[in-house]
>>> print(open('entry.tsv').read())   # TSV, C-alpha atoms
chain	number	residue	atom	x	y	z
A	1	MET	CA	162.50	76.84	166.64
A	2	GLU	CA	159.00	75.87	167.64
A	3	LEU	CA	156.28	75.47	165.02
A	4	ILE	CA	153.36	77.86	165.40
A	5	ASN	CA	149.92	76.43	166.11
A	6	LYS	CA	147.77	79.42	165.19
A	7	LYS	CA	145.26	79.95	162.42
A	8	GLU	CA	146.89	80.90	159.11
A	9	ASN	CA	145.68	84.17	157.63
A	10	ILE	CA	146.17	83.83	153.86
A	11	LEU	CA	147.20	87.20	152.41
A	12	ILE	CA	147.96	86.10	148.83
A	13	SER	CA	146.48	82.88	147.44
A	14	SER	CA	148.36	80.40	145.28
A	15	GLU	CA	146.07	81.35	142.38
A	16	GLU	CA	146.90	85.06	142.73
A	17	ILE	CA	150.61	84.23	142.87
A	18	ALA	CA	150.42	82.03	139.76
A	19	LYS	CA	148.62	84.75	137.78
A	20	LYS	CA	151.10	87.49	138.74
A	21	VAL	CA	154.17	85.30	138.16
A	22	SER	CA	152.89	84.40	134.69
A	23	GLU	CA	152.28	88.07	133.85
A	24	LEU	CA	155.71	89.03	135.15
A	25	GLY	CA	157.39	86.28	133.11
A	26	LYS	CA	155.76	87.63	129.95
A	27	LYS	CA	156.88	91.19	130.76
A	28	ILE	CA	160.46	90.07	131.43
A	29	SER	CA	160.42	88.09	128.15
A	30	GLU	CA	159.45	91.26	126.26
A	31	ASP	CA	162.03	93.40	128.04
A	32	TYR	CA	164.91	90.95	127.51
A	33	LYS	CA	164.19	89.89	123.93
A	34	GLY	CA	167.50	89.77	122.05
A	35	LYS	CA	169.58	90.11	125.23
A	36	LYS	CA	171.81	87.71	127.17
A	37	LEU	CA	169.62	87.13	130.23
A	38	TYR	CA	171.12	85.72	133.40
A	39	VAL	CA	168.69	85.12	136.27
A	40	LEU	CA	170.44	85.14	139.64
A	41	SER	CA	168.28	83.56	142.32
A	42	LEU	CA	169.05	84.54	145.91
A	43	LEU	CA	168.82	81.44	148.03
A	44	ARG	CA	167.03	80.16	149.89
A	45	GLY	CA	163.90	82.27	149.90
A	46	SER	CA	163.53	82.83	146.17
A	47	PHE	CA	163.98	79.28	144.89
A	48	ILE	CA	160.25	78.57	144.49
A	49	PHE	CA	159.50	81.98	142.96
A	50	THR	CA	162.48	81.71	140.61
A	51	ALA	CA	161.52	78.20	139.46
A	52	ASP	CA	157.98	79.32	138.66
A	53	LEU	CA	159.10	82.61	137.08
A	54	VAL	CA	161.69	81.19	134.67
A	55	ARG	CA	159.12	78.72	133.31
A	56	HIS	CA	157.18	81.79	132.09
A	57	ILE	CA	160.19	83.45	130.47
A	58	ASP	CA	160.35	82.49	126.80
A	59	VAL	CA	163.74	83.95	125.87
A	60	PRO	CA	167.00	82.06	126.39
A	61	VAL	CA	168.02	82.33	130.03
A	62	LYS	CA	171.00	81.19	132.04
A	63	ILE	CA	170.20	80.58	135.72
A	64	GLY	CA	172.53	80.82	138.69
A	65	PHE	CA	172.35	80.99	142.45
A	66	MET	CA	173.84	82.98	145.27
A	67	ALA	CA	173.15	82.65	148.97
A	68	THR	CA	173.23	85.60	151.34
A	69	SER	CA	172.23	85.98	154.93
A	70	SER	CA	171.04	88.90	156.99
A	71	TYR	CA	168.23	87.33	159.02
A	72	GLY	CA	169.49	84.18	160.70
A	73	HIS	CA	166.36	82.64	162.22
A	74	GLY	CA	164.70	85.88	163.34
A	75	GLU	CA	161.92	88.01	161.95
A	76	THR	CA	164.02	91.13	161.37
A	77	SER	CA	167.17	91.80	159.41
A	78	SER	CA	170.46	92.20	161.23
A	79	GLY	CA	171.47	94.85	158.69
A	80	GLN	CA	174.70	92.95	157.93
A	81	VAL	CA	174.79	91.02	154.66
A	82	LYS	CA	177.06	88.01	154.30
A	83	ILE	CA	177.72	86.04	151.14
A	84	VAL	CA	177.17	82.43	152.16
A	85	GLN	CA	177.53	81.00	148.63
A	86	ASP	CA	178.98	83.14	145.85
A	87	ILE	CA	177.77	83.12	142.25
A	88	ALA	CA	179.56	80.37	140.33
A	89	ASP	CA	179.35	81.89	136.83
A	90	ASP	CA	181.10	84.73	135.06
A	91	VAL	CA	178.35	87.27	134.29
A	92	GLU	CA	180.45	89.73	132.31
A	93	GLY	CA	178.36	90.99	129.39
A	94	TYR	CA	175.12	89.42	130.65
A	95	ASP	CA	171.94	91.28	131.54
A	96	VAL	CA	171.59	90.09	135.13
A	97	LEU	CA	168.20	89.92	136.79
A	98	ILE	CA	168.53	89.35	140.54
A	99	VAL	CA	165.49	87.49	141.88
A	100	ASP	CA	164.55	87.48	145.56
A	101	ASP	CA	161.47	86.57	147.55
A	102	ILE	CA	161.06	89.90	149.33
A	103	VAL	CA	162.64	93.32	149.61
A	104	ASP	CA	161.95	95.14	152.85
A	105	THR	CA	164.89	97.15	154.18
A	106	GLY	CA	166.50	96.85	150.74
A	107	ILE	CA	169.92	96.28	152.30
A	108	THR	CA	170.44	92.78	150.86
A	109	MET	CA	169.24	93.62	147.35
A	110	LYS	CA	171.31	96.81	147.20
A	111	PHE	CA	174.38	94.91	148.45
A	112	VAL	CA	173.97	92.13	145.87
A	113	MET	CA	173.28	94.58	143.02
A	114	GLU	CA	176.46	96.52	143.80
A	115	TYR	CA	178.43	93.28	144.15
A	116	ILE	CA	177.20	91.99	140.76
A	117	LYS	CA	177.88	95.37	139.10
A	118	SER	CA	181.55	94.87	140.03
A	119	LYS	CA	181.56	91.78	137.75
A	120	ASN	CA	181.00	93.87	134.56
A	121	PRO	CA	177.53	92.75	133.46
A	122	ALA	CA	175.74	94.57	130.63
A	123	SER	CA	173.01	95.53	133.13
A	124	VAL	CA	171.69	94.66	136.59
A	125	LYS	CA	168.03	94.78	137.61
A	126	SER	CA	166.01	93.47	140.54
A	127	CYS	CA	162.91	91.28	140.61
A	128	VAL	CA	160.98	90.41	143.76
A	129	LEU	CA	157.85	88.54	144.65
A	130	LEU	CA	157.04	90.93	147.50
A	131	ASP	CA	157.92	94.56	148.16
A	132	LYS	CA	157.56	96.03	151.65
A	133	PRO	CA	158.39	99.73	151.02
A	134	GLU	CA	157.44	100.86	154.55
A	135	ARG	CA	160.56	99.13	155.89
A	136	ARG	CA	163.05	100.54	153.36
A	137	LYS	CA	166.35	101.73	154.84
A	138	VAL	CA	168.16	102.34	151.54
A	139	GLU	CA	167.20	103.96	148.27
A	140	LEU	CA	165.83	101.08	146.20
A	141	VAL	CA	162.76	100.44	144.09
A	142	PRO	CA	162.54	96.93	142.60
A	143	ASP	CA	162.54	96.91	138.80
A	144	TYR	CA	160.01	94.07	138.75
A	145	CYS	CA	157.57	93.19	141.53
A	146	CYS	CA	154.54	90.94	141.88
A	147	PHE	CA	152.97	92.35	145.06
A	148	THR	CA	153.42	95.33	147.38
A	149	ILE	CA	152.52	94.44	150.95
A	150	PRO	CA	152.23	96.31	154.26
A	151	ASP	CA	154.75	95.92	157.07
A	152	VAL	CA	153.66	92.50	158.35
A	153	PHE	CA	155.74	89.36	158.85
A	154	VAL	CA	154.85	86.87	156.12
A	155	VAL	CA	155.74	83.27	155.34
A	156	GLY	CA	155.01	80.70	152.64
A	157	TYR	CA	155.89	80.29	148.95
A	158	GLY	CA	159.61	80.20	149.78
A	159	LEU	CA	159.55	82.59	152.74
A	160	ASN	CA	160.39	80.96	156.02
A	161	TYR	CA	159.95	81.19	159.75
A	162	GLY	CA	163.01	79.50	161.19
A	163	ASP	CA	163.54	76.60	158.81
A	164	TYR	CA	159.86	75.97	158.15
A	165	TYR	CA	156.82	76.98	156.08
A	166	ARG	CA	158.66	77.59	152.76
A	167	ASN	CA	156.57	74.77	151.25
A	168	LYS	CA	153.19	76.48	151.66
A	169	PRO	CA	151.84	77.42	148.19
A	170	TYR	CA	150.49	80.79	149.40
A	171	ILE	CA	151.65	83.81	151.44
A	172	PHE	CA	150.28	84.04	154.96
A	173	ASN	CA	150.76	85.30	158.49
A	174	TRP	CA	149.18	84.21	161.72
A	175	GLU	CA	146.07	85.70	163.31
>>> encode(input="entry.tsv", output="structure tokens")
Amino acid sequence: MELINKKENILISSEEIAKKVSELGKKISEDYKGKKLYVLSLLRGSFIFTADLVRHIDVPVKIGFMATSSYGHGETSSGQVKIVQDIADDVEGYDVLIVDDIVDTGITMKFVMEYIKSKNPASVKSCVLLDKPERRKVELVPDYCCFTIPDVFVVGYGLNYGDYYRNKPYIFNWE
């Protein structure tokens, strides 16, 4: 995959992200007070968001990871979700919060939510950095969301193009 040499158009700054993630962490802390919270981060895209988010959650939290794939190296979903790395923990009785970088078609999040529900958790909810409702192909509204964005391809802050750009501290596209 070739790197892109075009001007970056910053859509969401690192400061805006930090503010929203902090606010969301406080809200999640309130909502999960007195519960057994298990944060399930969907790799690889959500690792940066999850790391920042859990540092703003002030209730006890167990953290786990699961890797799925529906994109490969392209810009659009294939519509087929594969579990690349399954969750390692038993989540029975936990209140599971599935964290992902973005929900667009909703296919991956819906698939993972149904999969986790089969493991007898106390509850299952979704949390995303970005919501792209214009692209939705399934009935799904994220329970927690930092930003709603239009139907544009975005990268940065964990989101990739090929294997690159996850390290940018902001969300951008190219002009």
>>> closest_atom_pairs(input="entry.tsv", of="region 36-88 of chain A", to="region 128-144 of chain A", cutoff="10 Å", atoms="only C-alpha atoms", output="tab-separated table")
residue	atom	partner	partner_atom	distance
A:Ser46	CA	A:Leu129	CA	8.2
A:Phe49	CA	A:Leu129	CA	7.0
A:Thr50	CA	A:Leu129	CA	9.2
A:Leu53	CA	A:Leu129	CA	9.7
A:Gly79	CA	A:Lys137	CA	9.4
>>> atom_distance(input="entry.tsv", atom1="CA of Lys168 (chain A)", atom2="CA of Ala67 (chain A)")
21.1 Å
>>> closest_residue(input="entry.tsv", among="A:Val61, A:Ile102, A:Ile83, A:Leu40", to="Lys125 (chain A)", atoms="all atoms listed in the file")
A:Leu40
>>> residues_around(input="entry.tsv", residues="Val84 (chain A)", least_positions_apart="2", cutoff="7 Å", atoms="all atoms listed in the file", output="number ranges by chain")
A: 67-69, 82, 86
>>> axis_aligned_box(input="entry.tsv", around="region 10-14 of chain A", padding_each_side="3 Å", output="JSON")
{"center_x": 147.3, "center_y": 83.8, "center_z": 149.6, "size_x": 8.2, "size_y": 12.8, "size_z": 14.6}
>>> atom_distance(input="entry.tsv", atom1="CA of Asn9 (chain A)", atom2="CA of Tyr170 (chain A)")
10.1 Å
>>> atom_distance(input="entry.tsv", atom1="CA of Arg55 (chain A)", atom2="CA of Glu23 (chain A)")
11.6 Å
>>> closest_residue(input="entry.tsv", among="A:Asp52, A:Gly156, A:Pro60, A:Asp90", to="Lys19 (chain A)", atoms="all atoms listed in the file")
A:Asp52
>>> residues_around(input="entry.tsv", residues="Leu11 (chain A)", least_positions_apart="4", cutoff="12 Å", atoms="only C-alpha atoms", output="list in words")
Glu15, Glu16, Ile17, Leu130, Phe147, Thr148, Ile149, Pro150, Val152, Phe153, Val154, Val155, Gly156, Tyr157, Pro169, Tyr170, Ile171, Phe172, Asn173, Trp174 and Glu175 of chain A
>>> closest_residue(input="entry.tsv", among="A:Lys117, A:Lys26, A:Lys110, A:Arg166", to="Val54 (chain A)", atoms="only C-alpha atoms")
A:Lys26
>>> closest_residue(input="entry.tsv", among="A:Ser41, A:Ser29, A:Ser126, A:Asn5", to="Ala88 (chain A)", atoms="all atoms listed in the file")
A:Ser41
>>> closest_residue(input="entry.tsv", among="A:Gly106, A:Pro121, A:Gly64, A:Gly34", to="Glu92 (chain A)", atoms="only C-alpha atoms")
A:Pro121
>>> closest_residue(input="entry.tsv", among="A:Lys7, A:Lys36, A:Arg44, A:Lys20", to="Val124 (chain A)", atoms="all atoms listed in the file")
A:Lys36
>>> decode(input="entry.tsv", residues="region 93-126 of chain A", atoms="N, CA and C atoms", output="PDB file, in the first residue's frame")
ATOM      1  N   GLY A  93     -21.814 -12.901  33.555  1.00  0.00           N
ATOM      2  CA  GLY A  93     -22.129 -12.057  34.701  1.00  0.00           C
ATOM      3  C   GLY A  93     -21.548 -10.653  34.652  1.00  0.00           C
ATOM      4  N   TYR A  94     -20.704 -10.364  33.697  1.00  0.00           N
ATOM      5  CA  TYR A  94     -20.123  -9.027  33.563  1.00  0.00           C
ATOM      6  C   TYR A  94     -21.035  -8.116  32.733  1.00  0.00           C
ATOM      7  N   ASP A  95     -20.910  -6.826  32.979  1.00  0.00           N
ATOM      8  CA  ASP A  95     -21.536  -5.822  32.120  1.00  0.00           C
ATOM      9  C   ASP A  95     -20.482  -5.459  31.085  1.00  0.00           C
ATOM     10  N   VAL A  96     -20.679  -5.956  29.861  1.00  0.00           N
ATOM     11  CA  VAL A  96     -19.663  -5.822  28.818  1.00  0.00           C
ATOM     12  C   VAL A  96     -19.925  -4.567  27.985  1.00  0.00           C
ATOM     13  N   LEU A  97     -18.889  -3.770  27.857  1.00  0.00           N
ATOM     14  CA  LEU A  97     -18.927  -2.583  27.010  1.00  0.00           C
ATOM     15  C   LEU A  97     -17.957  -2.824  25.862  1.00  0.00           C
ATOM     16  N   ILE A  98     -18.498  -2.975  24.660  1.00  0.00           N
ATOM     17  CA  ILE A  98     -17.678  -3.235  23.475  1.00  0.00           C
ATOM     18  C   ILE A  98     -17.245  -1.898  22.894  1.00  0.00           C
ATOM     19  N   VAL A  99     -15.939  -1.698  22.795  1.00  0.00           N
ATOM     20  CA  VAL A  99     -15.385  -0.426  22.331  1.00  0.00           C
ATOM     21  C   VAL A  99     -14.766  -0.619  20.949  1.00  0.00           C
ATOM     22  N   ASP A 100     -15.175   0.249  20.014  1.00  0.00           N
ATOM     23  CA  ASP A 100     -14.600   0.223  18.674  1.00  0.00           C
ATOM     24  C   ASP A 100     -14.297   1.640  18.226  1.00  0.00           C
ATOM     25  N   ASP A 101     -13.466   1.757  17.204  1.00  0.00           N
ATOM     26  CA  ASP A 101     -13.099   3.077  16.699  1.00  0.00           C
ATOM     27  C   ASP A 101     -14.258   3.740  15.957  1.00  0.00           C
ATOM     28  N   ILE A 102     -14.962   2.967  15.125  1.00  0.00           N
ATOM     29  CA  ILE A 102     -15.996   3.548  14.282  1.00  0.00           C
ATOM     30  C   ILE A 102     -17.092   2.526  13.999  1.00  0.00           C
ATOM     31  N   VAL A 103     -18.312   2.994  13.916  1.00  0.00           N
ATOM     32  CA  VAL A 103     -19.400   2.152  13.435  1.00  0.00           C
ATOM     33  C   VAL A 103     -19.970   2.850  12.205  1.00  0.00           C
ATOM     34  N   ASP A 104     -19.911   2.148  11.077  1.00  0.00           N
ATOM     35  CA  ASP A 104     -20.508   2.699   9.863  1.00  0.00           C
ATOM     36  C   ASP A 104     -21.640   1.793   9.406  1.00  0.00           C
ATOM     37  N   THR A 105     -21.351   0.678   8.764  1.00  0.00           N
ATOM     38  CA  THR A 105     -22.440  -0.218   8.357  1.00  0.00           C
ATOM     39  C   THR A 105     -23.128  -0.816   9.577  1.00  0.00           C
ATOM     40  N   GLY A 106     -22.389  -0.974  10.666  1.00  0.00           N
ATOM     41  CA  GLY A 106     -22.917  -1.568  11.885  1.00  0.00           C
ATOM     42  C   GLY A 106     -22.799  -3.080  11.915  1.00  0.00           C
ATOM     43  N   ILE A 107     -22.358  -3.659  10.823  1.00  0.00           N
ATOM     44  CA  ILE A 107     -22.308  -5.123  10.701  1.00  0.00           C
ATOM     45  C   ILE A 107     -21.359  -5.728  11.729  1.00  0.00           C
ATOM     46  N   THR A 108     -20.161  -5.178  11.872  1.00  0.00           N
ATOM     47  CA  THR A 108     -19.197  -5.739  12.823  1.00  0.00           C
ATOM     48  C   THR A 108     -19.702  -5.608  14.252  1.00  0.00           C
ATOM     49  N   MET A 109     -20.146  -4.426  14.640  1.00  0.00           N
ATOM     50  CA  MET A 109     -20.600  -4.222  16.016  1.00  0.00           C
ATOM     51  C   MET A 109     -21.789  -5.125  16.339  1.00  0.00           C
ATOM     52  N   LYS A 110     -22.741  -5.221  15.428  1.00  0.00           N
ATOM     53  CA  LYS A 110     -23.903  -6.080  15.675  1.00  0.00           C
ATOM     54  C   LYS A 110     -23.466  -7.539  15.825  1.00  0.00           C
ATOM     55  N   PHE A 111     -22.556  -7.985  14.964  1.00  0.00           N
ATOM     56  CA  PHE A 111     -22.036  -9.347  15.022  1.00  0.00           C
ATOM     57  C   PHE A 111     -21.371  -9.609  16.374  1.00  0.00           C
ATOM     58  N   VAL A 112     -20.497  -8.707  16.810  1.00  0.00           N
ATOM     59  CA  VAL A 112     -19.778  -8.898  18.067  1.00  0.00           C
ATOM     60  C   VAL A 112     -20.739  -8.846  19.251  1.00  0.00           C
ATOM     61  N   MET A 113     -21.702  -7.932  19.226  1.00  0.00           N
ATOM     62  CA  MET A 113     -22.667  -7.847  20.322  1.00  0.00           C
ATOM     63  C   MET A 113     -23.454  -9.152  20.459  1.00  0.00           C
ATOM     64  N   GLU A 114     -23.901  -9.698  19.350  1.00  0.00           N
ATOM     65  CA  GLU A 114     -24.644 -10.968  19.388  1.00  0.00           C
ATOM     66  C   GLU A 114     -23.738 -12.103  19.869  1.00  0.00           C
ATOM     67  N   TYR A 115     -22.512 -12.112  19.411  1.00  0.00           N
ATOM     68  CA  TYR A 115     -21.553 -13.139  19.814  1.00  0.00           C
ATOM     69  C   TYR A 115     -21.315 -13.085  21.326  1.00  0.00           C
ATOM     70  N   ILE A 116     -21.105 -11.888  21.859  1.00  0.00           N
ATOM     71  CA  ILE A 116     -20.854 -11.731  23.300  1.00  0.00           C
ATOM     72  C   ILE A 116     -22.104 -12.069  24.104  1.00  0.00           C
ATOM     73  N   LYS A 117     -23.279 -11.732  23.599  1.00  0.00           N
ATOM     74  CA  LYS A 117     -24.526 -12.081  24.306  1.00  0.00           C
ATOM     75  C   LYS A 117     -24.639 -13.593  24.503  1.00  0.00           C
ATOM     76  N   SER A 118     -24.070 -14.374  23.610  1.00  0.00           N
ATOM     77  CA  SER A 118     -24.122 -15.838  23.728  1.00  0.00           C
ATOM     78  C   SER A 118     -23.243 -16.351  24.874  1.00  0.00           C
ATOM     79  N   LYS A 119     -22.442 -15.461  25.474  1.00  0.00           N
ATOM     80  CA  LYS A 119     -21.537 -15.843  26.565  1.00  0.00           C
ATOM     81  C   LYS A 119     -22.109 -15.479  27.943  1.00  0.00           C
ATOM     82  N   ASN A 120     -23.402 -15.176  28.002  1.00  0.00           N
ATOM     83  CA  ASN A 120     -24.152 -14.916  29.247  1.00  0.00           C
ATOM     84  C   ASN A 120     -23.645 -13.753  30.105  1.00  0.00           C
ATOM     85  N   PRO A 121     -23.375 -12.600  29.495  1.00  0.00           N
ATOM     86  CA  PRO A 121     -23.013 -11.443  30.313  1.00  0.00           C
ATOM     87  C   PRO A 121     -24.270 -10.874  30.982  1.00  0.00           C
ATOM     88  N   ALA A 122     -24.072 -10.023  31.986  1.00  0.00           N
ATOM     89  CA  ALA A 122     -25.207  -9.335  32.615  1.00  0.00           C
ATOM     90  C   ALA A 122     -25.836  -8.342  31.634  1.00  0.00           C
ATOM     91  N   SER A 123     -24.989  -7.698  30.825  1.00  0.00           N
ATOM     92  CA  SER A 123     -25.469  -6.759  29.803  1.00  0.00           C
ATOM     93  C   SER A 123     -24.388  -6.584  28.747  1.00  0.00           C
ATOM     94  N   VAL A 124     -24.799  -6.077  27.586  1.00  0.00           N
ATOM     95  CA  VAL A 124     -23.864  -5.767  26.504  1.00  0.00           C
ATOM     96  C   VAL A 124     -24.259  -4.420  25.916  1.00  0.00           C
ATOM     97  N   LYS A 125     -23.295  -3.501  25.864  1.00  0.00           N
ATOM     98  CA  LYS A 125     -23.517  -2.199  25.240  1.00  0.00           C
ATOM     99  C   LYS A 125     -22.338  -1.875  24.335  1.00  0.00           C
ATOM    100  N   SER A 126     -22.554  -0.893  23.459  1.00  0.00           N
ATOM    101  CA  SER A 126     -21.525  -0.488  22.501  1.00  0.00           C
ATOM    102  C   SER A 126     -21.040   0.926  22.776  1.00  0.00           C
TER     103      SER A 126
END
